[in-house]
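Q: For reference, this is data_14.txt, and it has compact mmCIF, C-alpha atoms.
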# COMPACT_ATOMS: atom_id res chain seq x y z
CA MET O 1 37.28 45.76 25.43
CA THR O 2 36.36 42.15 26.09
CA ASN O 3 33.61 40.38 24.20
CA THR O 4 31.29 38.41 26.41
CA LYS O 5 29.11 35.73 24.93
CA PRO O 6 25.36 36.01 25.64
CA PRO O 7 23.84 33.39 27.93
CA ILE O 8 23.18 30.10 26.18
CA TRP O 9 19.44 30.28 26.88
CA ARG O 10 19.27 33.31 24.62
CA ASP O 11 20.51 31.27 21.70
CA TYR O 12 17.71 30.10 19.41
CA ARG O 13 19.61 26.92 18.51
CA PHE O 14 19.74 25.96 22.20
CA TRP O 15 15.96 26.07 22.53
CA GLN O 16 15.57 24.21 19.23
CA ILE O 17 17.71 21.34 20.50
CA ALA O 18 16.17 21.49 23.97
CA ALA O 19 12.66 21.22 22.54
CA GLN O 20 13.63 18.11 20.60
CA CYS O 21 15.21 16.52 23.68
CA ILE O 22 12.11 17.27 25.75
CA ALA O 23 9.89 15.73 23.05
CA VAL O 24 12.00 12.55 23.02
CA ILE O 25 11.92 12.30 26.83
CA LEU O 26 8.13 12.76 26.86
CA ALA O 27 7.69 10.11 24.16
CA ILE O 28 9.83 7.62 26.12
CA ALA O 29 7.95 8.43 29.32
CA ILE O 30 4.56 7.86 27.64
CA VAL O 31 5.69 4.53 26.18
CA ALA O 32 7.06 3.47 29.58
CA ILE O 33 3.81 4.40 31.36
CA LEU O 34 1.72 2.54 28.78
CA GLY O 35 4.03 -0.47 29.03
CA MET O 36 3.78 -0.61 32.83
CA ASN O 37 0.01 -0.19 32.65
CA LEU O 38 -0.22 -3.02 30.12
CA ASN O 39 1.98 -5.29 32.24
CA ARG O 40 -0.11 -4.58 35.36
CA ASN O 41 -3.38 -5.33 33.56
CA LEU O 42 -2.00 -8.57 32.11
CA GLN O 43 -0.86 -9.68 35.56
CA GLN O 44 -4.31 -8.98 36.98
CA LEU O 45 -5.79 -11.17 34.24
CA GLY O 46 -3.24 -13.89 34.85
CA ILE O 47 -1.78 -13.56 31.36
CA LYS O 48 1.98 -13.73 30.82
CA PHE O 49 3.38 -11.46 28.13
CA GLY O 50 5.76 -13.15 25.70
CA PHE O 51 6.30 -14.49 22.20
CA ASN O 52 7.09 -18.10 23.06
CA PHE O 53 3.82 -19.13 21.40
CA LEU O 54 5.43 -18.47 18.00
CA GLN O 55 7.31 -21.77 18.33
CA GLN O 56 4.15 -23.75 19.03
CA GLN O 57 2.34 -25.83 16.44
CA ALA O 58 -0.09 -23.73 14.41
CA SER O 59 -2.64 -26.54 13.85
CA PHE O 60 -4.57 -24.72 11.12
CA ASP O 61 -4.48 -24.82 7.36
CA ILE O 62 -3.80 -21.93 4.97
CA GLY O 63 -5.59 -21.77 1.63
CA GLU O 64 -2.73 -20.28 -0.40
CA THR O 65 0.84 -21.25 0.39
CA PRO O 66 3.57 -19.88 -1.93
CA LEU O 67 6.01 -21.83 0.25
CA SER O 68 5.62 -25.30 1.71
CA TYR O 69 3.41 -25.30 4.77
CA LYS O 70 1.47 -27.83 6.82
CA PRO O 71 -0.65 -27.49 9.97
CA THR O 72 2.11 -29.09 12.05
CA ASP O 73 4.39 -26.11 11.34
CA THR O 74 4.87 -23.33 13.88
CA TYR O 75 2.99 -20.06 14.14
CA THR O 76 6.16 -18.35 12.93
CA ARG O 77 5.99 -20.30 9.67
CA ALA O 78 2.29 -19.54 9.30
CA LEU O 79 2.87 -15.80 9.79
CA TRP O 80 5.68 -15.86 7.22
CA ILE O 81 3.28 -17.40 4.72
CA GLY O 82 0.77 -14.66 5.47
CA LEU O 83 3.45 -11.97 5.05
CA ILE O 84 4.51 -13.36 1.67
CA ASN O 85 0.88 -13.40 0.54
CA SER O 86 0.56 -9.74 1.58
CA LEU O 87 3.75 -8.83 -0.27
CA ARG O 88 2.49 -10.55 -3.42
CA VAL O 89 -0.60 -8.37 -3.44
CA ALA O 90 1.24 -5.18 -2.48
CA VAL O 91 4.05 -5.46 -5.04
CA VAL O 92 1.89 -6.54 -7.98
CA GLY O 93 -0.84 -4.11 -6.92
CA ILE O 94 1.56 -1.15 -6.90
CA LEU O 95 2.78 -2.01 -10.40
CA LEU O 96 -0.71 -2.47 -11.86
CA THR O 97 -2.28 0.51 -10.11
CA THR O 98 0.52 2.74 -11.39
CA ILE O 99 -0.22 1.66 -14.96
CA VAL O 100 -3.98 2.08 -14.52
CA GLY O 101 -3.64 5.42 -12.73
CA ILE O 102 -1.25 6.96 -15.26
CA THR O 103 -3.36 5.75 -18.18
CA ALA O 104 -6.61 7.07 -16.69
CA GLY O 105 -4.98 10.35 -15.64
CA ILE O 106 -3.67 11.06 -19.13
CA ALA O 107 -6.98 9.94 -20.64
CA ARG O 108 -8.82 12.56 -18.57
CA LEU O 109 -6.89 15.23 -20.49
CA SER O 110 -7.50 13.65 -23.89
CA ASP O 111 -9.14 15.62 -26.70
CA ASN O 112 -11.10 12.50 -27.59
CA TRP O 113 -14.61 12.89 -26.11
CA LEU O 114 -15.18 9.17 -25.60
CA VAL O 115 -11.80 8.44 -24.00
CA LYS O 116 -12.09 11.46 -21.70
CA ASN O 117 -15.57 10.61 -20.47
CA ILE O 118 -14.83 6.93 -19.96
CA SER O 119 -11.95 7.98 -17.73
CA ILE O 120 -14.18 10.42 -15.82
CA VAL O 121 -16.83 7.76 -15.23
CA TYR O 122 -14.19 5.27 -14.05
CA VAL O 123 -12.61 7.73 -11.61
CA GLU O 124 -15.90 8.96 -10.15
CA ILE O 125 -17.36 5.48 -9.66
CA PHE O 126 -14.33 3.77 -8.16
CA ARG O 127 -13.18 6.74 -6.08
CA ASN O 128 -16.59 7.35 -4.51
CA THR O 129 -17.61 3.82 -3.51
CA PRO O 130 -16.16 1.96 -0.49
CA LEU O 131 -13.31 -0.42 -1.21
CA LEU O 132 -14.92 -3.20 0.83
CA LEU O 133 -18.06 -2.97 -1.30
CA GLN O 134 -15.95 -3.17 -4.45
CA LEU O 135 -14.13 -6.26 -3.17
CA LEU O 136 -17.42 -8.01 -2.41
CA PHE O 137 -18.70 -7.08 -5.88
CA TRP O 138 -15.61 -8.48 -7.63
CA TYR O 139 -15.77 -11.67 -5.57
CA PHE O 140 -19.47 -12.56 -5.54
CA ALA O 141 -20.74 -10.89 -8.70
CA VAL O 142 -17.74 -11.46 -10.96
CA PHE O 143 -15.52 -14.38 -10.01
CA LEU O 144 -18.19 -16.59 -8.46
CA GLY O 145 -20.31 -15.79 -11.52
CA PHE O 146 -17.76 -17.40 -13.84
CA PRO O 147 -18.40 -20.96 -15.08
CA LYS O 148 -16.93 -23.94 -13.26
CA ALA O 149 -13.39 -25.05 -13.99
CA GLU O 150 -14.44 -27.70 -16.51
CA ASN O 151 -16.33 -25.08 -18.53
CA LYS O 152 -13.82 -22.25 -18.25
CA PHE O 153 -13.75 -19.76 -21.09
CA SER O 154 -10.73 -18.10 -22.61
CA VAL O 155 -9.91 -14.55 -23.59
CA TRP O 156 -7.96 -14.59 -26.87
CA GLY O 157 -6.57 -17.96 -25.86
CA LEU O 158 -4.22 -16.33 -23.34
CA VAL O 159 -6.33 -15.91 -20.21
CA TYR O 160 -8.73 -18.52 -18.84
CA LEU O 161 -11.45 -17.55 -16.39
CA SER O 162 -13.43 -19.82 -14.07
CA GLN O 163 -14.65 -20.03 -10.50
CA ASN O 164 -11.18 -21.35 -9.66
CA GLY O 165 -9.68 -18.00 -10.58
CA VAL O 166 -7.53 -16.71 -13.41
CA GLU O 167 -5.08 -18.77 -15.46
CA LEU O 168 -2.30 -17.20 -17.50
CA PRO O 169 0.28 -19.17 -19.43
CA GLY O 170 2.06 -21.08 -16.71
CA PHE O 171 0.44 -19.18 -13.84
CA SER O 172 -2.74 -19.69 -11.83
CA PHE O 173 -4.30 -17.16 -9.47
CA SER O 174 -7.04 -17.98 -6.99
CA PRO O 175 -10.32 -16.02 -7.06
CA GLU O 176 -9.46 -14.52 -3.66
CA PHE O 177 -6.07 -13.24 -4.82
CA SER O 178 -7.52 -12.01 -8.13
CA THR O 179 -10.39 -10.24 -6.35
CA LEU O 180 -8.11 -8.45 -3.91
CA LEU O 181 -5.65 -7.48 -6.63
CA LEU O 182 -8.30 -6.11 -8.99
CA GLY O 183 -10.15 -4.32 -6.21
CA LEU O 184 -7.05 -2.59 -4.89
CA THR O 185 -5.78 -1.79 -8.39
CA PHE O 186 -8.91 -0.10 -9.71
CA TYR O 187 -9.75 1.62 -6.42
CA THR O 188 -6.29 3.08 -5.87
CA GLY O 189 -5.85 3.71 -9.60
CA ALA O 190 -8.78 6.13 -9.52
CA PHE O 191 -6.99 8.29 -6.93
CA ILE O 192 -3.69 8.07 -8.79
CA ALA O 193 -5.46 9.19 -11.97
CA GLU O 194 -6.44 12.45 -10.28
CA ILE O 195 -2.91 12.89 -8.94
CA VAL O 196 -1.46 12.40 -12.42
CA ARG O 197 -3.99 14.78 -13.97
CA GLY O 198 -3.19 17.46 -11.39
CA GLY O 199 0.55 16.97 -11.87
CA ILE O 200 0.31 17.33 -15.64
CA GLN O 201 -1.86 20.43 -15.37
CA SER O 202 0.68 21.99 -12.99
CA VAL O 203 3.23 22.18 -15.81
CA ALA O 204 3.15 25.59 -17.48
CA LYS O 205 1.52 25.73 -20.91
CA GLY O 206 4.70 27.31 -22.22
CA GLN O 207 6.41 23.93 -21.82
CA TRP O 208 3.85 22.35 -24.14
CA GLU O 209 4.34 25.12 -26.65
CA ALA O 210 8.11 24.82 -26.43
CA GLY O 211 7.90 21.11 -27.15
CA ARG O 212 5.62 21.62 -30.12
CA SER O 213 7.87 24.37 -31.46
CA LEU O 214 10.65 21.78 -31.65
CA GLY O 215 8.47 19.67 -33.90
CA LEU O 216 7.69 17.03 -31.31
CA LYS O 217 4.44 15.11 -31.58
CA PRO O 218 1.98 15.43 -28.64
CA GLY O 219 2.92 11.99 -27.33
CA LEU O 220 6.61 12.85 -27.26
CA VAL O 221 5.91 16.23 -25.66
CA MET O 222 4.02 14.43 -22.91
CA ARG O 223 6.72 11.79 -22.38
CA LEU O 224 9.87 13.87 -22.76
CA VAL O 225 8.84 17.33 -21.58
CA VAL O 226 5.72 17.30 -19.42
CA ILE O 227 5.87 14.06 -17.40
CA PRO O 228 9.47 14.59 -16.15
CA GLN O 229 8.44 17.99 -14.77
CA ALA O 230 5.10 16.75 -13.43
CA LEU O 231 6.82 14.03 -11.40
CA ARG O 232 7.93 16.61 -8.85
CA VAL O 233 4.24 17.21 -8.09
CA ILE O 234 3.04 13.63 -8.58
CA ILE O 235 5.46 11.59 -6.45
CA PRO O 236 4.67 12.90 -2.91
CA PRO O 237 0.90 12.16 -3.05
CA LEU O 238 1.65 9.01 -5.06
CA THR O 239 3.62 7.73 -2.07
CA SER O 240 0.53 8.11 0.11
CA GLN O 241 -1.53 6.04 -2.32
CA TYR O 242 1.07 3.25 -2.35
CA LEU O 243 0.95 3.23 1.45
CA ASN O 244 -2.85 3.14 1.39
CA LEU O 245 -2.83 0.21 -1.03
CA THR O 246 -0.47 -1.76 1.20
CA LYS O 247 -2.54 -1.12 4.33
CA ASN O 248 -5.88 -1.63 2.56
CA SER O 249 -4.74 -5.12 1.60
CA SER O 250 -5.73 -6.10 5.17
CA LEU O 251 -9.34 -6.11 3.89
CA ALA O 252 -8.42 -9.49 2.38
CA ILE O 253 -9.99 -11.05 5.46
CA ALA O 254 -13.43 -10.13 4.04
CA ILE O 255 -12.99 -12.49 1.08
CA GLY O 256 -10.89 -15.15 2.76
CA TYR O 257 -7.49 -14.39 1.25
CA PRO O 258 -4.83 -15.53 3.78
CA ASP O 259 -2.71 -12.41 4.13
CA ILE O 260 -0.71 -11.48 7.25
CA TYR O 261 -3.76 -9.98 8.96
CA PHE O 262 -5.89 -13.06 8.23
CA VAL O 263 -3.25 -15.45 9.57
CA ALA O 264 -2.56 -13.24 12.59
CA SER O 265 -6.26 -13.13 13.44
CA THR O 266 -6.42 -16.91 13.39
CA THR O 267 -3.30 -17.04 15.56
CA PHE O 268 -4.85 -14.65 18.07
CA ASN O 269 -8.09 -16.65 18.23
CA GLN O 270 -6.19 -19.86 18.99
CA THR O 271 -3.58 -18.55 21.40
CA GLY O 272 -5.37 -15.64 23.08
CA LYS O 273 -2.20 -13.56 22.70
CA ALA O 274 -4.02 -10.42 21.62
CA VAL O 275 -1.37 -7.87 22.58
CA GLU O 276 1.55 -9.79 21.12
CA VAL O 277 -0.23 -10.51 17.84
CA MET O 278 -1.40 -6.90 17.46
CA LEU O 279 2.16 -5.70 18.07
CA LEU O 280 3.43 -8.04 15.34
CA ILE O 281 0.80 -6.77 12.88
CA MET O 282 1.58 -3.14 13.70
CA LEU O 283 5.32 -3.75 13.32
CA THR O 284 4.78 -5.52 9.99
CA TYR O 285 2.72 -2.75 8.40
CA LEU O 286 5.00 -0.08 9.90
CA THR O 287 8.05 -1.75 8.37
CA LEU O 288 6.40 -2.09 4.95
CA SER O 289 5.29 1.54 5.05
CA LEU O 290 8.75 2.77 6.01
CA ILE O 291 10.35 0.78 3.18
CA ILE O 292 7.92 2.20 0.62
CA SER O 293 8.39 5.73 1.97
CA PHE O 294 12.17 5.39 1.87
CA MET O 295 12.21 4.16 -1.73
CA MET O 296 9.76 6.85 -2.88
CA ASN O 297 11.78 9.54 -1.11
CA LEU O 298 14.84 8.43 -3.03
CA LEU O 299 12.85 8.65 -6.25
CA ASN O 300 11.50 12.05 -5.26
CA ARG O 301 15.02 13.39 -4.66
CA SER O 302 16.14 12.18 -8.08
CA VAL O 303 13.47 14.21 -9.92
CA GLN O 304 13.88 17.44 -7.99
CA ILE O 305 15.52 20.45 -9.64
CA LYS O 306 19.21 20.50 -8.83
CA GLU O 307 20.32 24.01 -7.88
CA ARG O 308 23.84 25.04 -8.87
Represent the structure contained in this file as structure tokens.
A:
Amino acid sequence: MTNTKPPIWRDYRFWQIAAQCIAVILAIAIVAILGMNLNRNLQQLGIKFGFNFLQQQASFDIGETPLSYKPTDTYTRALWIGLINSLRVAVVGILLTTIVGITAGIARLSDNWLVKNISIVYVEIFRNTPLLLQLLFWYFAVFLGFPKAENKFSVWGLVYLSQNGVELPGFSFSPEFSTLLLGLTFYTGAFIAEIVRGGIQSVAKGQWEAGRSLGLKPGLVMRLVVIPQALRVIIPPLTSQYLNLTKNSSLAIAIGYPDIYFVASTTFNQTGKAVEVMLLIMLTYLTLSLIISFMMNLLNRSVQIKER
């Protein structure tokens, strides 16, 4: 008796692969159609698509330049300066918002009435008001309300505050950078606080009791027993908040901080290369988001339960 294989179209794996191939073909076709439509519209307007403008002289100044820059430099150099400024905010913001979010999230579960309610008030206020409004408040009501540089006041002799920004030992931060950093930190930290609280509460009460039965103090139970288990619940939504912080940094244009979006907008206004500049901005934020997602996925894999 001979065994005959069933037709390939009856194999579920065939249709699974075929569906993916069809999806890829459709995606390529859509991109091709949009590209041809874009090229036709640009030709009708007499506009030539290209990125040669990046080598032209920028002819505009940038308020904050972590690297050397002058108006005679190219648009490429100007965009690099804007990208570095965005990375400064994103990296420092992620670090600070993690600290604020974890602290506020744990505080919401505190037995201390005052600590718990301060955390609740913080989360509800910052989570339920628009980020743009918060940035304007920090800038106009706080930093521009500080005394002038010659009358700056100090906090414990370590931090000096004035209308010129914040000064730490050896470091100086402009009011625009400080505003954006504080706004993003406290806004995103409020969401992270709720994520941390939910992650901690997802750990079974038996784990708390097991830690206490070993004679561990509440702080050690939290650090050694609860948090490592809660990370499996915390990290996925935490990744989304890091991505939101990075993308929300584009609101820097509202307070005049020269991030990549600010510099790109100026470039577009001077060159008229709307499509090219928008593509560069999209590619920049897409790349940053993919890098953050990749790193957080690695972290997420490291905290998952390893099955034997």
Q: Please determine, counting all atoms listed in the file, which residue among O:Thr284, O:Thr97, O:Ser293, O:Thr266 has the shortest atom-to-atom distance to O:Phe60.
A: O:Thr266
Q: Just the number, please: distance in Å from atom CA of O:Pro71 to atom CA of O:Gln163, one decimal.
A: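 It comes out at 25.9 Å.
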Q: Please report, as a tab-separated table, each residue of stretch 162-216 of chain O lying at most 12 Å from stretch 100-123 of chain O, together with the nearest pair of atoms and the separation in Å rounded to one decimal; use all atoms listed in the file, and order rows by chain and ascending residue number.
A:
residue	atom	partner	partner_atom	distance
O:Leu182	CA	O:Val100	CA	10.8
O:Leu184	CA	O:Val100	CA	11.1
O:Thr185	CA	O:Val100	CA	7.5
O:Phe186	CA	O:Val100	CA	7.2
O:Tyr187	CA	O:Val123	CA	8.5
O:Thr188	CA	O:Gly101	CA	7.7
O:Gly189	CA	O:Gly101	CA	4.2
O:Ala190	CA	O:Val123	CA	4.6
O:Phe191	CA	O:Gly101	CA	7.3
O:Ile192	CA	O:Gly101	CA	4.7
O:Ala193	CA	O:Gly105	CA	3.9
O:Glu194	CA	O:Gly105	CA	5.9
O:Ile195	CA	O:Gly105	CA	7.5
O:Val196	CA	O:Gly105	CA	5.2
O:Arg197	CA	O:Gly105	CA	4.8
O:Gly198	CA	O:Gly105	CA	8.5
O:Gly199	CA	O:Gly105	CA	9.4
O:Ile200	CA	O:Ile106	CA	8.2
O:Gln201	CA	O:Leu109	CA	8.9
Q: Within 9 Å of O:Ile235, counting only C-alpha atoms, which residues qualify if same-chain residues fewer than 5 places away don't, as a PyMOL selection string?
A: chain O and resi 195+230+240+296-297+299-300
Q: Between O:Val92, O:Val155, O:Leu251, O:Leu38, single out the one closest to O:Leu136, counting all atoms listed in the file.
A: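 The answer is O:Leu251, which sits nearest to O:Leu136.
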Q: Atom CA of O:Lys273 and atom CA of O:Thr74 are how many Å apart?
A: 14.9 Å
Q: Each residue of stretch 142-173 of chain O with at least one atom at most 12 Å from stretch 254-258 of chain O should appear once, together with its nearest atom pair and the corresponding distance in Å (one decimal); atoms considered: all atoms listed in the file; ordering: chain, then increasing residue number; output as a tab-separated table.
A:
residue	atom	partner	partner_atom	distance
O:Phe143	CA	O:Ile255	CA	11.5
O:Leu144	CA	O:Ile255	CA	11.6
O:Phe173	CA	O:Tyr257	CA	11.5
Q: What's around O:Lys247 at 10 Å? Count all atoms listed in the file, leave out sequence neighbours fewer than 2 positions away in its own chain, and write the answer as a PDB file with C-alpha atoms, keeping the file's coordinate frame.
A:
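Now in around.pdb:
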ATOM      1  CA  SER O  86       0.560  -9.740   1.580  1.00  0.00           C
ATOM      2  CA  ALA O  90       1.240  -5.180  -2.480  1.00  0.00           C
ATOM      3  CA  GLN O 241      -1.530   6.040  -2.320  1.00  0.00           C
ATOM      4  CA  TYR O 242       1.070   3.250  -2.350  1.00  0.00           C
ATOM      5  CA  LEU O 243       0.950   3.230   1.450  1.00  0.00           C
ATOM      6  CA  ASN O 244      -2.850   3.140   1.390  1.00  0.00           C
ATOM      7  CA  LEU O 245      -2.830   0.210  -1.030  1.00  0.00           C
ATOM      8  CA  SER O 249      -4.740  -5.120   1.600  1.00  0.00           C
ATOM      9  CA  SER O 250      -5.730  -6.100   5.170  1.00  0.00           C
ATOM     10  CA  LEU O 251      -9.340  -6.110   3.890  1.00  0.00           C
ATOM     11  CA  TYR O 285       2.720  -2.750   8.400  1.00  0.00           C
ATOM     12  CA  LEU O 286       5.000  -0.080   9.900  1.00  0.00           C
ATOM     13  CA  LEU O 288       6.400  -2.090   4.950  1.00  0.00           C
ATOM     14  CA  SER O 289       5.290   1.540   5.050  1.00  0.00           C
TER      15      SER O 289
END
Q: At a cut-off of 8 Å, using all atoms listed in the file, what residues contact O:Tyr69? Leave out same-chain residues fewer than 3 positions from it and give the result as a PDB file with C-alpha atoms, in the frame of the given file.
A:
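Resulting contents of around-v2.pdb:
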ATOM      1  CA  ILE O  62      -3.800 -21.930   4.970  1.00  0.00           C
ATOM      2  CA  THR O  65       0.840 -21.250   0.390  1.00  0.00           C
ATOM      3  CA  ASP O  73       4.390 -26.110  11.340  1.00  0.00           C
ATOM      4  CA  ARG O  77       5.990 -20.300   9.670  1.00  0.00           C
ATOM      5  CA  ALA O  78       2.290 -19.540   9.300  1.00  0.00           C
ATOM      6  CA  ILE O  81       3.280 -17.400   4.720  1.00  0.00           C
TER       7      ILE O  81
END
Q: Considering all atoms listed in the file, can you say which of O:Asn128, O:Asn85, O:Gln44, O:Ser202 comes closest to O:Val233?
A: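 Answer, going by the shortest atom-to-atom distance: O:Ser202.
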Q: Have a look at O:Ile47, O:Ala58, O:Leu26, O:Val225 and name the one nearest to O:Lys205; count all atoms listed in the file.
A: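 Closest to O:Lys205 of all the choices is O:Val225.
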Q: Just give me the gap between atom CA of O:Asn52 and atom CA of O:Ser265 in Å, one decimal is fine.
A: 17.2 Å
Q: From the options O:Leu67, O:Ile28, O:Ile84, O:Leu79, which residue's atoms come nearest to O:Leu280, counting all atoms listed in the file?
A: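 Among O:Leu67, O:Ile28, O:Ile84, O:Leu79, it is O:Leu79 that comes nearest to O:Leu280.
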Q: Which residue out of O:Ile253, O:Ala264, O:Ala18, O:Ile291 has the minimum interatomic distance to O:Leu83 when all atoms listed in the file are used?
A: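 Between O:Ile253, O:Ala264, O:Ala18, O:Ile291, the residue approaching O:Leu83 most closely is O:Ala264.
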Q: Taking 3 positions as the minimum chain separation for residues in the same chain, which residues sit within 10 Å of O:Met222 when counting only C-alpha atoms? Answer as JSON, numbers by chain.
A: {"O": [106, 200, 207, 208, 211, 216, 217, 218, 219, 225, 226, 227, 228, 229, 230]}
Q: Work out where the centre of an axis-aligned box around every listed atom of stretch 100-108 of chain O lies and how long its edges are once 5 Å is added on each side; give both in Å to one decimal as lines of an AutoDock Vina configuration file.
A:
center_x = -5.0
center_y = 7.3
center_z = -16.7
size_x = 17.6
size_y = 20.5
size_z = 17.9
